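Source file start.pdb; content: PDB, C-alpha atoms.
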ATOM      1  CA  MET H 230      -8.398   0.214 -27.601
ATOM      2  CA  ASP H 231      -6.556  -0.796 -24.446
ATOM      3  CA  ASN H 232      -7.330  -3.779 -22.265
ATOM      4  CA  MET H 233      -9.054  -1.734 -19.522
ATOM      5  CA  HIS H 234     -11.861  -0.719 -21.874
ATOM      6  CA  LYS H 235     -12.481  -4.327 -22.879
ATOM      7  CA  LEU H 236     -13.028  -5.453 -19.286
ATOM      8  CA  LYS H 237     -16.200  -4.957 -17.272
ATOM      9  CA  PRO H 238     -15.859  -2.756 -14.165
ATOM     10  CA  ASN H 239     -16.193  -4.528 -10.819
ATOM     11  CA  THR H 240     -14.680  -7.745 -12.157
ATOM     12  CA  THR H 241     -11.537  -9.260 -10.718
ATOM     13  CA  ALA H 242      -9.765  -8.962 -14.063
ATOM     14  CA  TYR H 243     -10.614  -5.251 -14.267
ATOM     15  CA  LYS H 244      -9.412  -4.630 -10.703
ATOM     16  CA  ASN H 245      -6.200  -6.573 -11.325
ATOM     17  CA  GLU H 246      -5.513  -4.589 -14.502
ATOM     18  CA  TYR H 247      -6.227  -1.300 -12.717
ATOM     19  CA  ASN H 248      -3.908  -2.208  -9.842
ATOM     20  CA  LYS H 249      -1.193  -3.295 -12.271
ATOM     21  CA  ARG H 250      -1.322   0.102 -13.981
ATOM     22  CA  ASN H 251      -1.571   2.281 -10.873
ATOM     23  CA  TYR H 252       0.372   0.574  -8.106
ATOM     24  CA  VAL H 253       3.684  -1.160  -7.483
ATOM     25  CA  GLN H 254       4.420  -3.809  -4.923
ATOM     26  CA  PHE H 255       6.880  -2.917  -2.173
ATOM     27  CA  ASN H 256       8.328  -5.818  -0.186
ATOM     28  CA  VAL H 257      10.652  -5.661   2.808
ATOM     29  CA  ARG H 258      12.119  -8.056   5.336
ATOM     30  CA  ILE H 259      11.858  -6.847   8.912
ATOM     31  CA  LYS H 260      12.353  -8.423  12.287
ATOM     32  CA  THR H 261       9.371 -10.231  13.746
ATOM     33  CA  GLU H 262       9.183  -7.811  16.676
ATOM     34  CA  ILE H 263       8.973  -4.763  14.397
ATOM     35  CA  ASN H 264       6.276  -6.433  12.314
ATOM     36  CA  GLN H 265       4.277  -7.125  15.469
ATOM     37  CA  GLN H 266       4.574  -3.475  16.531
ATOM     38  CA  ILE H 267       3.366  -2.307  13.130
ATOM     39  CA  THR H 268       0.536  -4.850  13.062
ATOM     40  CA  ASN H 269      -0.619  -3.870  16.546
ATOM     41  CA  TYR H 270      -0.491  -0.160  15.701
ATOM     42  CA  CYS H 271      -2.449  -0.666  12.485
ATOM     43  CA  LYS H 272      -5.131  -2.718  14.244
ATOM     44  CA  GLU H 273      -5.386  -0.146  17.042
ATOM     45  CA  LYS H 274      -5.732   2.752  14.595
ATOM     46  CA  GLY H 275      -7.816   0.868  12.029
ATOM     47  CA  ILE H 276      -5.405   1.507   9.155
ATOM     48  CA  SER H 277      -3.695  -0.703   6.602
ATOM     49  CA  LYS H 278       0.039  -1.319   6.540
ATOM     50  CA  ALA H 279       0.162   0.642   3.277
ATOM     51  CA  ASP H 280      -1.463   3.605   5.048
ATOM     52  CA  PHE H 281       1.014   3.198   7.909
ATOM     53  CA  LEU H 282       3.918   3.368   5.471
ATOM     54  CA  VAL H 283       2.534   6.492   3.794
ATOM     55  CA  LYS H 284       2.093   8.181   7.189
ATOM     56  CA  CYS H 285       5.670   7.280   8.165
ATOM     57  CA  ILE H 286       7.074   8.623   4.904
ATOM     58  CA  ASN H 287       5.097  11.853   5.206
ATOM     59  CA  LEU H 288       6.256  12.342   8.796
ATOM     60  CA  PHE H 289       9.859  11.549   7.891
ATOM     61  CA  CYS H 290       9.812  14.062   5.033
ATOM     62  CA  LEU H 291       8.216  16.691   7.263
ATOM     63  CA  LEU H 292      10.844  16.216   9.978
ATOM     64  CA  TYR H 293      13.980  15.691   7.930
ATOM     65  CA  THR H 294      13.625  17.683   4.734
ATOM     66  CA  SER H 295      13.223  21.351   4.067
TER      67      SER H 295
END
Step by step, read the file and then write its structure as structure tokens.
Amino acid sequence: MDNMHKLKPNTTAYKNEYNKRNYVQFNVRIKTEINQQITNYCKEKGISKADFLVKCINLFCLLYTS
């Protein structure tokens, strides 16, 4: 039996284990000005920075691959 089944749903430990199994962390260093542009855009559109990145990747792939 794996660790996920031992934990109770809706607990921090369960959520941490789920995230560990299903996501990776992606860190970058960008100029302050670019970060401010991204932050402002995300606030204006009501999206997370992760959602912003996904949208950028999807648009990039649409425009530059075929």
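A straight line drawn from CA of Ile263 (chain H) to CA of Leu292 (chain H) is 21.5 Å long.
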- Query: By how many Å are CA of Glu262 (chain H) and CA of Phe289 (chain H) apart?
  - Reply: 21.3 Å
- Message: Let me make sure I understand: among H:Cys290, H:Leu236, H:Val253, H:Leu282, which one has the smallest atom-to-atom distance to Thr268 (chain H) if we use only C-alpha atoms?
- Response: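 When distances to Thr268 (chain H) are compared using only C-alpha atoms, the smallest one comes from H:Leu282.
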- Message: Measuring between all atoms listed in the file, which one of H:Thr241, H:Lys235, H:Phe255, H:Thr261 shows the shortest distance to Val283 (chain H)?
- Response: H:Phe255
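In this comparison, which uses only C-alpha atoms, the residue of H:Asn239, H:Asn248, H:Thr294, H:Asn264 approaching Phe281 (chain H) most closely is H:Asn264.
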- Message: Give me the residues near His234 (chain H) as a list in words, where near means some atom within 12 Å (using only C-alpha atoms) and where sequence neighbours in that chain fewer than 6 positions away do not count.
- Response: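 Contacts, in chain order: Ala242, Tyr243, Glu246 and Tyr247 of chain H.
A straight line drawn from CA of Tyr270 (chain H) to CA of Asn287 (chain H) is 16.9 Å long.
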- Counting only C-alpha atoms, the residue among H:Ala279, H:Lys244, H:Glu273, H:Ile286 that lies closest to Asn256 (chain H) is H:Ala279
- Check the smallest atom-to-atom distance from each of H:Pro238, H:Tyr293, H:Ile259, H:Lys284 to Cys271 (chain H) using only C-alpha atoms, then report the winner. H:Lys284
Atoms added to region 253-280 of chain H (N, CA and C atoms), reported as a short mmCIF file (atom, residue, chain, number, x, y, z; two decimals), in the frame of the given file:
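Done, and the output landed in part09.cif:
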data_model
loop_
_atom_site.label_atom_id
_atom_site.label_comp_id
_atom_site.auth_asym_id
_atom_site.auth_seq_id
_atom_site.Cartn_x
_atom_site.Cartn_y
_atom_site.Cartn_z
N VAL H 253 2.55 -0.24 -7.46
CA VAL H 253 3.68 -1.16 -7.48
C VAL H 253 3.70 -1.88 -6.14
N GLN H 254 4.29 -3.05 -6.15
CA GLN H 254 4.42 -3.81 -4.92
C GLN H 254 5.74 -3.44 -4.27
N PHE H 255 5.72 -3.31 -2.95
CA PHE H 255 6.88 -2.92 -2.17
C PHE H 255 7.06 -3.95 -1.07
N ASN H 256 8.10 -4.75 -1.16
CA ASN H 256 8.33 -5.82 -0.19
C ASN H 256 9.58 -5.54 0.63
N VAL H 257 9.50 -5.82 1.92
CA VAL H 257 10.65 -5.66 2.81
C VAL H 257 10.74 -6.85 3.76
N ARG H 258 11.92 -7.07 4.27
CA ARG H 258 12.12 -8.06 5.34
C ARG H 258 12.45 -7.28 6.60
N ILE H 259 11.64 -7.51 7.63
CA ILE H 259 11.86 -6.85 8.91
C ILE H 259 11.81 -7.88 10.02
N LYS H 260 12.36 -7.52 11.14
CA LYS H 260 12.35 -8.42 12.29
C LYS H 260 10.91 -8.65 12.75
N THR H 261 10.70 -9.82 13.28
CA THR H 261 9.37 -10.23 13.75
C THR H 261 8.79 -9.23 14.75
N GLU H 262 9.64 -8.74 15.64
CA GLU H 262 9.18 -7.81 16.68
C GLU H 262 8.68 -6.50 16.07
N ILE H 263 9.39 -6.00 15.06
CA ILE H 263 8.97 -4.76 14.40
C ILE H 263 7.66 -4.99 13.67
N ASN H 264 7.53 -6.11 13.00
CA ASN H 264 6.28 -6.43 12.31
C ASN H 264 5.12 -6.47 13.30
N GLN H 265 5.34 -7.04 14.47
CA GLN H 265 4.28 -7.12 15.47
C GLN H 265 3.89 -5.73 15.96
N GLN H 266 4.87 -4.85 16.13
CA GLN H 266 4.57 -3.48 16.53
C GLN H 266 3.73 -2.78 15.47
N ILE H 267 4.10 -2.94 14.23
CA ILE H 267 3.37 -2.31 13.13
C ILE H 267 1.96 -2.88 13.05
N THR H 268 1.84 -4.20 13.12
CA THR H 268 0.54 -4.85 13.06
C THR H 268 -0.37 -4.38 14.19
N ASN H 269 0.17 -4.33 15.40
CA ASN H 269 -0.62 -3.87 16.55
C ASN H 269 -1.07 -2.42 16.37
N TYR H 270 -0.16 -1.57 15.91
CA TYR H 270 -0.49 -0.16 15.70
C TYR H 270 -1.60 -0.02 14.66
N CYS H 271 -1.46 -0.74 13.56
CA CYS H 271 -2.45 -0.67 12.48
C CYS H 271 -3.82 -1.14 12.95
N LYS H 272 -3.85 -2.22 13.72
CA LYS H 272 -5.13 -2.72 14.24
C LYS H 272 -5.75 -1.70 15.20
N GLU H 273 -4.92 -1.13 16.06
CA GLU H 273 -5.39 -0.15 17.04
C GLU H 273 -5.96 1.10 16.36
N LYS H 274 -5.31 1.53 15.29
CA LYS H 274 -5.73 2.75 14.60
C LYS H 274 -6.72 2.48 13.46
N GLY H 275 -6.89 1.22 13.11
CA GLY H 275 -7.82 0.87 12.03
C GLY H 275 -7.31 1.28 10.66
N ILE H 276 -6.00 1.14 10.44
CA ILE H 276 -5.40 1.51 9.15
C ILE H 276 -4.68 0.30 8.56
N SER H 277 -4.44 0.36 7.27
CA SER H 277 -3.70 -0.70 6.60
C SER H 277 -2.19 -0.47 6.78
N LYS H 278 -1.42 -1.48 6.48
CA LYS H 278 0.04 -1.32 6.54
C LYS H 278 0.51 -0.35 5.46
N ALA H 279 -0.18 -0.32 4.32
CA ALA H 279 0.16 0.64 3.28
C ALA H 279 -0.07 2.07 3.78
N ASP H 280 -1.19 2.29 4.47
CA ASP H 280 -1.46 3.60 5.05
C ASP H 280 -0.42 3.96 6.11
#
